[in-house]
Amino acid sequence: MTAQRFRPEYRIRRSRDFRRAYQLRATVSDRLLLVFAHPNDLPHPRLGLSVSRKVGRAVVRNRWKRLIREAFRLTRPRLPQGIDLVVIPRQGAEPDLSGLMDSLPRLAHRAARKLVQESR
RNA sequence: GGAGAGGACAGGACGGUCGCCGGCUCGGAUGCAAGGGUCGCCAUACCGACCCGCAAGCAUCCGGGCGGGAGGAAAGUCCGGGCUCCGAAGGACACGGUGAUGGGCAACACCCACCGGCCGCGAGGCCAGGGAAAGUGCAACAGAAAGCAGACCGCCGCACGGGCCUGCCCGUGCGGUAAGGGUGAAACGGCGAGGUAAGAGCUCACCAGCAGGCCGGGUGACCGGCCUGGCUAGGCAAACCCCACCGGGAGCAAGGUCAAACAGGGAGCAGUGACGGUGUCCCCGCGCGCAAGCGCUGGGCCGUCCGCGGGUCGGUCCGGUCCGCUAUCGACUUCCGGGUAGACUGCUGGAGGAGUUGAGCAAUCGGCUUCCUAGAGAAAUGGCCGUCGCCUGCAUGCGCAGGAACAGAACCCGGCUUACACGUCCUCUCCAACC
RNA sequence: CGCGGGGUGGAGCAGCCCGGUAGCUCGCGAGGCUCAUAACCUCGAGGUCGCAGGUUCGAAUCCUGUCCCCGCCA
């Protein structure tokens with residue numbers, strides 16, 4: 001039951017956490033999403049959203065953010081632990097919940113493997 | 001029934017479940033949190049006895065309950081205000097904006113009423129709607145001529161020459177003429193009569209339009225009438241401009257508050273110079289000029305500086321170090337203790353909504369009753385499912401599949417503009433038919 | 001959120017203030033020169049001036065609305 005909650009501690013809220021993820025440049029992507037990853041010291045993953053005006057007007061941007069948050073909430077047990085994910089929707093893609101629920105865990109695990117490789 | 005005109009409303013409904021944001025409330029865990037009173041004693045403290053309290057509160061974490069959570073445009077950011085800070089800042093000029101009149105409003109470029117012009121058979125609609133008889137300017141091409149008008153053809157007169165069926169025709173020159181032709185977006189009123197060589201507001205009547213005066217109506221823009229004048233003054237001010245009125249700048253990322261410690265920072269006084277200067281001017285001085293006035297490495301005045309600039313290393317404004325420049329090498333003493341990041345605040349109850357009533361043609365304003373309706377912060381208002389209603393297609397008995405616009409609060413209001421699916425209601429106009 | 005700048009041939013830019021003719025460089029096409037290519041010379045094509053209204057006789061230009069792009073402050 002509590003596995004489906006989405007409290008503020010699961011979100012990236014500090015400017016320096018975003019900057020840290022961008023500077024590491026550990027990215028993975030598919031047709032829907034682009035993800036910047038960075039390890040954190042917490043026992044859970046965190047989600048950060050970056051939705052620029054290039055993907056659409058305010059209604060479309062809100063739709064993307066809500067659906068990505070919903071996908072994160074519902075797939076969180078399947079996500080790797082201790083990782084910050086900055087998620088950016090790709091220009092031209094259509095927001096779609098089932099696609100996002102498929103895409104987000106896969107990208108998160110690929111990012112986690114990439115971080116392990118690079119730390120060596 | 002058809003075709004329209006104006007206005008108002010609405011922006012699917014109900015339910016289940018998993019989440020998010022903030023509010024109220026209840027409970028749990030941990031930590032902090034508290035002792036007081038009376039009696040004994042001469043009395044205070046200590047001490048002893050007894051009684052009351054031991055959780056109200058605060059902090060962190062966790063859980064439950066209750067009720068709330070995008071719009072008519074939240075949009076564009078085009079106007080107007082509130083609010084906040086900045087400024088030594090007052091006036092004139094400059095710069096920007098607005099533009100018939102009266103009213104409404106906190107204010108407006110908004111709203112209402114009315115006036116004028118244009119469009120429509122009409123209901124109605126549109127108008128940046130002051131000034132072109134203040135000044136400067138603009139008008140390609142065409143055309144004879146385009147702004148104190150203008151002679152290409154035509155018409156008319158005179159002179160000369162020629163022809164000759166001799167009072168007619170042709171050519172040339174000079175002059176008159178704006179009635180006719182043709183050009184243009186635009187050619188200096190229309191029409192009739194007189195007049196004339198031909199013509200012309202040259203003169204006259206009427207009409208249109210203009211200026212002045214008077215009378216009547218209206219708060220007023222303006223409207224109606226009469227008289228007089230002179231007959232024409234053209235268009236463009238979303239060209240410069242003139243007139244009237246309005247406007248200081250920046251914006252809630254405004255602004256305010258907050259721990260500790262030092263390095264260090266800041267301010268004032270005195271002194272001394274250097275640098276710069278309000279869009280322009282103001283006071284003084286000097287120069288030029290008859291004067292109005294004009295000019296000035298000027299002064300006063302105001303601001304900044306008690307080093308400045310660059311490279312490099314580390315880093316939160318900053319510090320270390322090196323180099324260059326320079327006028328003074330930045331004294332002494334007193335006082336204050338900041339900013340950034342972060343957190344809290346500003347932050348939602350207001351020129352507020354609904355009903356009713358009074359004033360008013362109306363916009364709107366007043367009285368009474370009643371209601372409380374989002375406050376995020378890398379930024380909530382969402383996901384899934386069901387039932388009903390609407391539309392489209394298949395079908396037309398049931399049903400099945402699909403669709404439902406424009407668009408997302410960010411300090412708050414008043415407007416404007418732009419976008420918009422399925423719709424609902426009210427008032428009015430024209431046409432057709434029937435009673 | 002606030003503010004500023006810009007949309008003109010295929011590309012990059014003038015013209016806009018002060019309204020009547022859309023011009024420059026490169027590129028493109030044809031011809032010439034050359035044994036041939038480049039360079040050079042000559043000629044030519046190619047533009048709804050982002051879109052929609054308005055003012056004007058007339059709008060790339062002036063005014064209003066709208067769409068898109070770029071940049072700046074925090």
# chains A, B, ... in the order shown; residues from 1 in each chain; ligands from 1
>>> residues_around(residues="region 27-34 of chain A", least_positions_apart="4", cutoff="6 Å", atoms="only C-alpha atoms (C1' of nucleotides)", output="compact mmCIF listing (two decimals) with all heavy atoms, in the first residue's frame")
# COMPACT_ATOMS: atom_id res chain seq x y z
N VAL A 87 14.11 13.43 -15.63
CA VAL A 87 13.42 12.91 -16.80
C VAL A 87 12.96 14.06 -17.68
O VAL A 87 12.37 15.02 -17.21
CB VAL A 87 12.20 12.06 -16.36
CG1 VAL A 87 11.44 11.57 -17.56
CG2 VAL A 87 12.67 10.91 -15.51
N ILE A 88 13.27 13.95 -18.97
CA ILE A 88 12.92 14.98 -19.94
C ILE A 88 12.15 14.32 -21.07
O ILE A 88 12.66 13.40 -21.71
CB ILE A 88 14.19 15.65 -20.48
CG1 ILE A 88 14.98 16.28 -19.34
CG2 ILE A 88 13.84 16.66 -21.55
CD1 ILE A 88 16.34 16.73 -19.73
N PRO A 89 10.92 14.77 -21.36
CA PRO A 89 10.21 14.20 -22.51
C PRO A 89 10.83 14.67 -23.82
O PRO A 89 11.35 15.79 -23.90
CB PRO A 89 8.78 14.72 -22.36
CG PRO A 89 8.87 15.86 -21.45
CD PRO A 89 10.09 15.72 -20.62
N ARG A 90 10.78 13.81 -24.82
CA ARG A 90 11.42 14.17 -26.09
C ARG A 90 10.45 14.95 -26.95
O ARG A 90 9.23 14.73 -26.93
CB ARG A 90 11.86 12.90 -26.84
CG ARG A 90 12.78 12.07 -26.01
CD ARG A 90 13.56 11.13 -26.86
NE ARG A 90 14.45 11.86 -27.75
CZ ARG A 90 15.63 11.40 -28.11
NH1 ARG A 90 16.07 10.24 -27.67
NH2 ARG A 90 16.38 12.09 -28.95
N ALA A 93 7.19 13.63 -29.16
CA ALA A 93 6.55 12.42 -28.64
C ALA A 93 5.17 12.76 -28.07
O ALA A 93 4.86 13.90 -27.78
CB ALA A 93 7.42 11.82 -27.56
>>> residues_around(residues="A132 (chain B)", least_positions_apart="5", cutoff="12 Å", atoms="only C-alpha atoms (C1' of nucleotides)", output="PyMOL selection string")
chain B and resi 233-237+241-242
>>> write_last_selection(atoms="C-alpha atoms (C1' of nucleotides)", output="PDB file, in the first residue's frame")
ATOM      1  C1'   A B 233     -12.124  77.788 -48.957  1.00  0.00           C
ATOM      2  C1'   G B 234      -9.599  70.609 -52.107  1.00  0.00           C
ATOM      3  C1'   G B 235      -7.213  65.743 -49.758  1.00  0.00           C
ATOM      4  C1'   C B 236      -3.557  63.574 -46.339  1.00  0.00           C
ATOM      5  C1'   A B 237      -2.264  65.187 -39.421  1.00  0.00           C
ATOM      6  C1'   C B 241       3.123  69.840 -36.322  1.00  0.00           C
ATOM      7  C1'   C B 242      -0.583  73.172 -33.283  1.00  0.00           C
TER       8        C B 242
END
>>> residues_around(residues="C68 (chain C)", least_positions_apart="4", cutoff="12 Å", atoms="only C-alpha atoms (C1' of nucleotides)", output="MDAnalysis selection string")
chainID C and resid 6:7 50:51
>>> select_by_dssp(residues="region 37-93 of chain A", states="strand (DSSP E)", output="list in words")
Ala37, His38, Pro39, Arg46, Leu47, Gly48, Leu49, Ile83, Asp84, Leu85, Val86, Val87, Ile88 and Pro89 of chain A
>>> closest_atom_pairs(of="chain A", to="chain B", cutoff="10 Å", atoms="only C-alpha atoms (C1' of nucleotides)", output="CSV")
residue,atom,partner,partner_atom,distance
A:Met1,CA,B:C18,C1',9.1
A:Gln4,CA,B:G19,C1',7.5
A:Arg5,CA,B:G19,C1',6.5
A:Phe6,CA,B:G19,C1',7.3
A:Arg7,CA,B:C20,C1',8.2
A:Pro8,CA,B:C20,C1',9.7
A:Arg11,CA,B:A378,C1',8.9
A:Ile12,CA,B:A378,C1',7.2
A:Arg13,CA,B:A378,C1',5.6
A:Arg14,CA,B:A378,C1',7.2
A:Ser15,CA,B:A378,C1',7.3
A:Phe18,CA,B:A378,C1',8.3
A:Gly48,CA,B:A378,C1',7.1
A:Leu49,CA,B:A378,C1',6.9
A:Ser50,CA,B:A378,C1',7.5
A:Val51,CA,B:A378,C1',9.9
A:Arg57,CA,B:A407,C1',9.3
A:Ala58,CA,B:G408,C1',6.2
A:Val59,CA,B:G408,C1',5.6
A:Val60,CA,B:G408,C1',9.3
A:Arg61,CA,B:G408,C1',9.6
A:Asn62,CA,B:G408,C1',7.7
A:Arg63,CA,B:G382,C1',9.0
A:Lys65,CA,B:G382,C1',9.8
A:Arg66,CA,B:G382,C1',6.2
A:Leu67,CA,B:G383,C1',8.0
A:Arg69,CA,B:G382,C1',9.2
A:Glu70,CA,B:G383,C1',6.6
A:Ala71,CA,B:G383,C1',9.1
A:Arg73,CA,B:G19,C1',8.3
A:Leu74,CA,B:G383,C1',9.5
A:Leu97,CA,B:G383,C1',8.7
>>> write_last_selection(atoms="C-alpha atoms", output="JSON list (two decimals), in the first residue's frame")
[["chain", "number", "residue", "atom", "x", "y", "z"],
["A", 1, "MET", "CA", 0.00, 0.00, 0.00],
["A", 4, "GLN", "CA", 2.39, 3.55, -4.21],
["A", 5, "ARG", "CA", 2.76, 6.78, -2.31],
["A", 6, "PHE", "CA", 4.60, 9.75, -3.74],
["A", 7, "ARG", "CA", 5.72, 12.16, -1.07],
["A", 8, "PRO", "CA", 8.06, 15.13, -1.47],
["A", 11, "ARG", "CA", 11.22, 14.30, -5.70],
["A", 12, "ILE", "CA", 14.38, 16.23, -6.56],
["A", 13, "ARG", "CA", 13.79, 19.71, -5.19],
["A", 14, "ARG", "CA", 17.22, 21.35, -5.02],
["A", 15, "SER", "CA", 18.87, 23.23, -7.83],
["A", 18, "PHE", "CA", 19.69, 18.95, -10.82],
["A", 48, "GLY", "CA", 13.10, 15.24, -11.20],
["A", 49, "LEU", "CA", 11.12, 16.69, -14.09],
["A", 50, "SER", "CA", 12.34, 19.06, -16.77],
["A", 51, "VAL", "CA", 9.66, 19.87, -19.32],
["A", 57, "ARG", "CA", 1.83, 24.67, -24.30],
["A", 58, "ALA", "CA", 1.08, 24.67, -20.58],
["A", 59, "VAL", "CA", -1.71, 22.08, -20.88],
["A", 60, "VAL", "CA", 0.56, 19.64, -22.71],
["A", 61, "ARG", "CA", 3.44, 20.24, -20.33],
["A", 62, "ASN", "CA", 1.19, 19.61, -17.31],
["A", 63, "ARG", "CA", -0.03, 16.42, -18.95],
["A", 65, "LYS", "CA", 4.48, 15.95, -15.79],
["A", 66, "ARG", "CA", 1.39, 14.25, -14.38],
["A", 67, "LEU", "CA", 1.79, 11.14, -16.45],
["A", 69, "ARG", "CA", 4.82, 11.24, -11.99],
["A", 70, "GLU", "CA", 2.05, 8.64, -12.20],
["A", 71, "ALA", "CA", 4.38, 6.21, -14.01],
["A", 73, "ARG", "CA", 4.50, 6.20, -8.58],
["A", 74, "LEU", "CA", 3.14, 2.98, -10.03],
["A", 97, "LEU", "CA", 0.83, 6.30, -19.54]]
>>> residues_around(residues="region 53-65 of chain B", least_positions_apart="6", cutoff="10 Å", atoms="only C-alpha atoms (C1' of nucleotides)", output="PyMOL selection string")
chain B and resi 25-36
>>> write_last_selection(atoms="C-alpha atoms (C1' of nucleotides)", output="JSON list (two decimals), in the first residue's frame")
[["chain", "number", "residue", "atom", "x", "y", "z"],
["B", 25, "U", "C1'", -9.40, 17.97, 13.96],
["B", 26, "C", "C1'", -8.25, 13.21, 16.64],
["B", 27, "G", "C1'", -4.59, 9.67, 18.06],
["B", 28, "G", "C1'", 0.41, 7.12, 18.50],
["B", 29, "A", "C1'", 6.09, 7.01, 19.02],
["B", 30, "U", "C1'", 10.63, 9.61, 20.44],
["B", 31, "G", "C1'", 13.01, 13.90, 22.67],
["B", 32, "C", "C1'", 12.51, 18.38, 25.44],
["B", 33, "A", "C1'", 9.34, 20.07, 28.93],
["B", 34, "A", "C1'", 7.57, 21.12, 36.17],
["B", 35, "G", "C1'", 7.14, 21.62, 39.73],
["B", 36, "G", "C1'", 3.65, 23.75, 43.21]]
>>> residues_around(residues="region 106-120 of chain B", least_positions_apart="3", cutoff="7 Å", atoms="only C-alpha atoms (C1' of nucleotides)", output="ChimeraX atom specification")
/B:79-81,98,101,221-222,351,362-363,415
>>> write_last_selection(atoms="N, CA, C and O atoms (P, O5', C5', C4', C3', O3' and C1' of nucleotides)", output="PDB file, in the first residue's frame")
ATOM      1  P     C B  79       0.770  48.898 -23.355  1.00  0.00           P
ATOM      2  O5'   C B  79      -0.602  49.656 -23.088  1.00  0.00           O
ATOM      3  C5'   C B  79      -0.870  50.185 -21.828  1.00  0.00           C
ATOM      4  C4'   C B  79      -2.295  50.656 -21.737  1.00  0.00           C
ATOM      5  C3'   C B  79      -2.685  51.112 -20.351  1.00  0.00           C
ATOM      6  O3'   C B  79      -2.290  52.452 -20.123  1.00  0.00           O
ATOM      7  C1'   C B  79      -4.303  49.595 -21.133  1.00  0.00           C
ATOM      8  P     G B  80      -1.490  52.820 -18.776  1.00  0.00           P
ATOM      9  O5'   G B  80      -2.659  52.799 -17.699  1.00  0.00           O
ATOM     10  C5'   G B  80      -3.824  53.567 -17.921  1.00  0.00           C
ATOM     11  C4'   G B  80      -4.897  53.199 -16.938  1.00  0.00           C
ATOM     12  C3'   G B  80      -4.458  53.144 -15.481  1.00  0.00           C
ATOM     13  O3'   G B  80      -4.354  54.433 -14.909  1.00  0.00           O
ATOM     14  C1'   G B  80      -5.799  51.273 -15.975  1.00  0.00           C
ATOM     15  P     G B  81      -3.237  54.701 -13.789  1.00  0.00           P
ATOM     16  O5'   G B  81      -3.558  53.609 -12.694  1.00  0.00           O
ATOM     17  C5'   G B  81      -3.577  53.960 -11.329  1.00  0.00           C
ATOM     18  C4'   G B  81      -4.634  53.179 -10.594  1.00  0.00           C
ATOM     19  C3'   G B  81      -4.161  52.557  -9.302  1.00  0.00           C
ATOM     20  O3'   G B  81      -4.144  53.499  -8.227  1.00  0.00           O
ATOM     21  C1'   G B  81      -5.326  50.934 -10.541  1.00  0.00           C
ATOM     22  P     U B  98      -2.459  56.523 -27.854  1.00  0.00           P
ATOM     23  O5'   U B  98      -3.627  57.364 -27.190  1.00  0.00           O
ATOM     24  C5'   U B  98      -4.393  56.821 -26.133  1.00  0.00           C
ATOM     25  C4'   U B  98      -5.293  57.861 -25.526  1.00  0.00           C
ATOM     26  C3'   U B  98      -6.219  58.585 -26.495  1.00  0.00           C
ATOM     27  O3'   U B  98      -7.379  57.831 -26.782  1.00  0.00           O
ATOM     28  C1'   U B  98      -5.187  60.154 -25.062  1.00  0.00           C
ATOM     29  P     U B 101     -15.034  66.786 -26.044  1.00  0.00           P
ATOM     30  O5'   U B 101     -16.595  66.814 -25.700  1.00  0.00           O
ATOM     31  C5'   U B 101     -17.388  67.936 -26.021  1.00  0.00           C
ATOM     32  C4'   U B 101     -18.828  67.697 -25.638  1.00  0.00           C
ATOM     33  C3'   U B 101     -19.057  67.225 -24.216  1.00  0.00           C
ATOM     34  O3'   U B 101     -19.040  68.303 -23.291  1.00  0.00           O
ATOM     35  C1'   U B 101     -20.328  65.886 -25.694  1.00  0.00           C
ATOM     36  P     A B 221     -22.335  73.322 -27.056  1.00  0.00           P
ATOM     37  O5'   A B 221     -21.883  71.989 -27.820  1.00  0.00           O
ATOM     38  C5'   A B 221     -20.489  71.663 -27.964  1.00  0.00           C
ATOM     39  C4'   A B 221     -20.343  70.242 -28.445  1.00  0.00           C
ATOM     40  C3'   A B 221     -20.934  69.957 -29.821  1.00  0.00           C
ATOM     41  O3'   A B 221     -20.029  70.256 -30.865  1.00  0.00           O
ATOM     42  C1'   A B 221     -21.639  68.298 -28.275  1.00  0.00           C
ATOM     43  P     C B 222     -20.378  71.376 -31.960  1.00  0.00           P
ATOM     44  O5'   C B 222     -21.879  71.034 -32.387  1.00  0.00           O
ATOM     45  C5'   C B 222     -22.202  69.903 -33.186  1.00  0.00           C
ATOM     46  C4'   C B 222     -23.587  69.415 -32.875  1.00  0.00           C
ATOM     47  C3'   C B 222     -24.703  70.024 -33.714  1.00  0.00           C
ATOM     48  O3'   C B 222     -24.824  69.397 -34.982  1.00  0.00           O
ATOM     49  C1'   C B 222     -25.333  70.048 -31.437  1.00  0.00           C
ATOM     50  P     A B 351     -10.186  45.523  -3.361  1.00  0.00           P
ATOM     51  O5'   A B 351     -11.432  46.409  -3.783  1.00  0.00           O
ATOM     52  C5'   A B 351     -12.303  46.898  -2.796  1.00  0.00           C
ATOM     53  C4'   A B 351     -13.448  47.641  -3.442  1.00  0.00           C
ATOM     54  C3'   A B 351     -14.300  46.771  -4.381  1.00  0.00           C
ATOM     55  O3'   A B 351     -15.508  46.423  -3.765  1.00  0.00           O
ATOM     56  C1'   A B 351     -13.272  48.549  -5.590  1.00  0.00           C
ATOM     57  P     A B 362     -33.200  52.747 -16.037  1.00  0.00           P
ATOM     58  O5'   A B 362     -31.743  52.472 -16.632  1.00  0.00           O
ATOM     59  C5'   A B 362     -31.524  51.440 -17.609  1.00  0.00           C
ATOM     60  C4'   A B 362     -30.193  51.626 -18.287  1.00  0.00           C
ATOM     61  C3'   A B 362     -28.972  51.374 -17.412  1.00  0.00           C
ATOM     62  O3'   A B 362     -28.612  50.003 -17.444  1.00  0.00           O
ATOM     63  C1'   A B 362     -28.727  53.434 -18.571  1.00  0.00           C
ATOM     64  P     A B 363     -27.816  49.340 -16.189  1.00  0.00           P
ATOM     65  O5'   A B 363     -26.339  49.908 -16.333  1.00  0.00           O
ATOM     66  C5'   A B 363     -25.391  49.288 -17.200  1.00  0.00           C
ATOM     67  C4'   A B 363     -24.158  50.154 -17.345  1.00  0.00           C
ATOM     68  C3'   A B 363     -23.315  50.300 -16.084  1.00  0.00           C
ATOM     69  O3'   A B 363     -22.407  49.230 -15.923  1.00  0.00           O
ATOM     70  C1'   A B 363     -23.699  52.429 -17.046  1.00  0.00           C
ATOM     71  P     G B 415     -15.040  44.496 -15.029  1.00  0.00           P
ATOM     72  O5'   G B 415     -14.640  45.396 -16.263  1.00  0.00           O
ATOM     73  C5'   G B 415     -14.113  44.838 -17.448  1.00  0.00           C
ATOM     74  C4'   G B 415     -13.389  45.904 -18.217  1.00  0.00           C
ATOM     75  C3'   G B 415     -13.045  45.534 -19.649  1.00  0.00           C
ATOM     76  O3'   G B 415     -14.143  45.761 -20.516  1.00  0.00           O
ATOM     77  C1'   G B 415     -11.137  46.418 -18.592  1.00  0.00           C
TER      78        G B 415
END
>>> atom_distance(atom1="C1' of G47 (chain C)", atom2="C1' of C138 (chain B)")
28.8 Å
>>> decode(residues="region 57-68 of chain A", atoms="N, CA and C atoms", output="mmCIF file, in the first residue's frame")
data_model
loop_
_atom_site.group_PDB
_atom_site.id
_atom_site.type_symbol
_atom_site.label_atom_id
_atom_site.label_comp_id
_atom_site.auth_asym_id
_atom_site.auth_seq_id
_atom_site.Cartn_x
_atom_site.Cartn_y
_atom_site.Cartn_z
ATOM 1 N N ARG A 57 2.365 23.632 -25.161
ATOM 2 C CA ARG A 57 1.831 24.668 -24.298
ATOM 3 C C ARG A 57 1.641 24.120 -22.894
ATOM 4 N N ALA A 58 1.140 25.012 -22.000
ATOM 5 C CA ALA A 58 1.079 24.670 -20.585
ATOM 6 C C ALA A 58 0.234 23.431 -20.340
ATOM 7 N N VAL A 59 -0.855 23.248 -21.086
ATOM 8 C CA VAL A 59 -1.709 22.078 -20.877
ATOM 9 C C VAL A 59 -0.944 20.806 -21.212
ATOM 10 N N VAL A 60 -0.209 20.828 -22.301
ATOM 11 C CA VAL A 60 0.559 19.642 -22.707
ATOM 12 C C VAL A 60 1.684 19.371 -21.728
ATOM 13 N N ARG A 61 2.330 20.426 -21.280
ATOM 14 C CA ARG A 61 3.436 20.241 -20.331
ATOM 15 C C ARG A 61 2.917 19.656 -19.022
ATOM 16 N N ASN A 62 1.777 20.156 -18.533
ATOM 17 C CA ASN A 62 1.193 19.607 -17.308
ATOM 18 C C ASN A 62 0.852 18.142 -17.484
ATOM 19 N N ARG A 63 0.336 17.805 -18.662
ATOM 20 C CA ARG A 63 -0.033 16.417 -18.950
ATOM 21 C C ARG A 63 1.203 15.516 -18.852
ATOM 22 N N TRP A 64 2.311 15.941 -19.457
ATOM 23 C CA TRP A 64 3.553 15.171 -19.387
ATOM 24 C C TRP A 64 3.979 14.976 -17.936
ATOM 25 N N LYS A 65 3.987 16.035 -17.169
ATOM 26 C CA LYS A 65 4.476 15.948 -15.789
ATOM 27 C C LYS A 65 3.604 15.008 -14.981
ATOM 28 N N ARG A 66 2.289 15.095 -15.165
ATOM 29 C CA ARG A 66 1.386 14.251 -14.378
ATOM 30 C C ARG A 66 1.560 12.791 -14.750
ATOM 31 N N LEU A 67 1.672 12.538 -16.032
ATOM 32 C CA LEU A 67 1.787 11.144 -16.451
ATOM 33 C C LEU A 67 3.128 10.559 -16.047
ATOM 34 N N ILE A 68 4.214 11.343 -16.119
ATOM 35 C CA ILE A 68 5.514 10.819 -15.698
ATOM 36 C C ILE A 68 5.503 10.557 -14.200
#
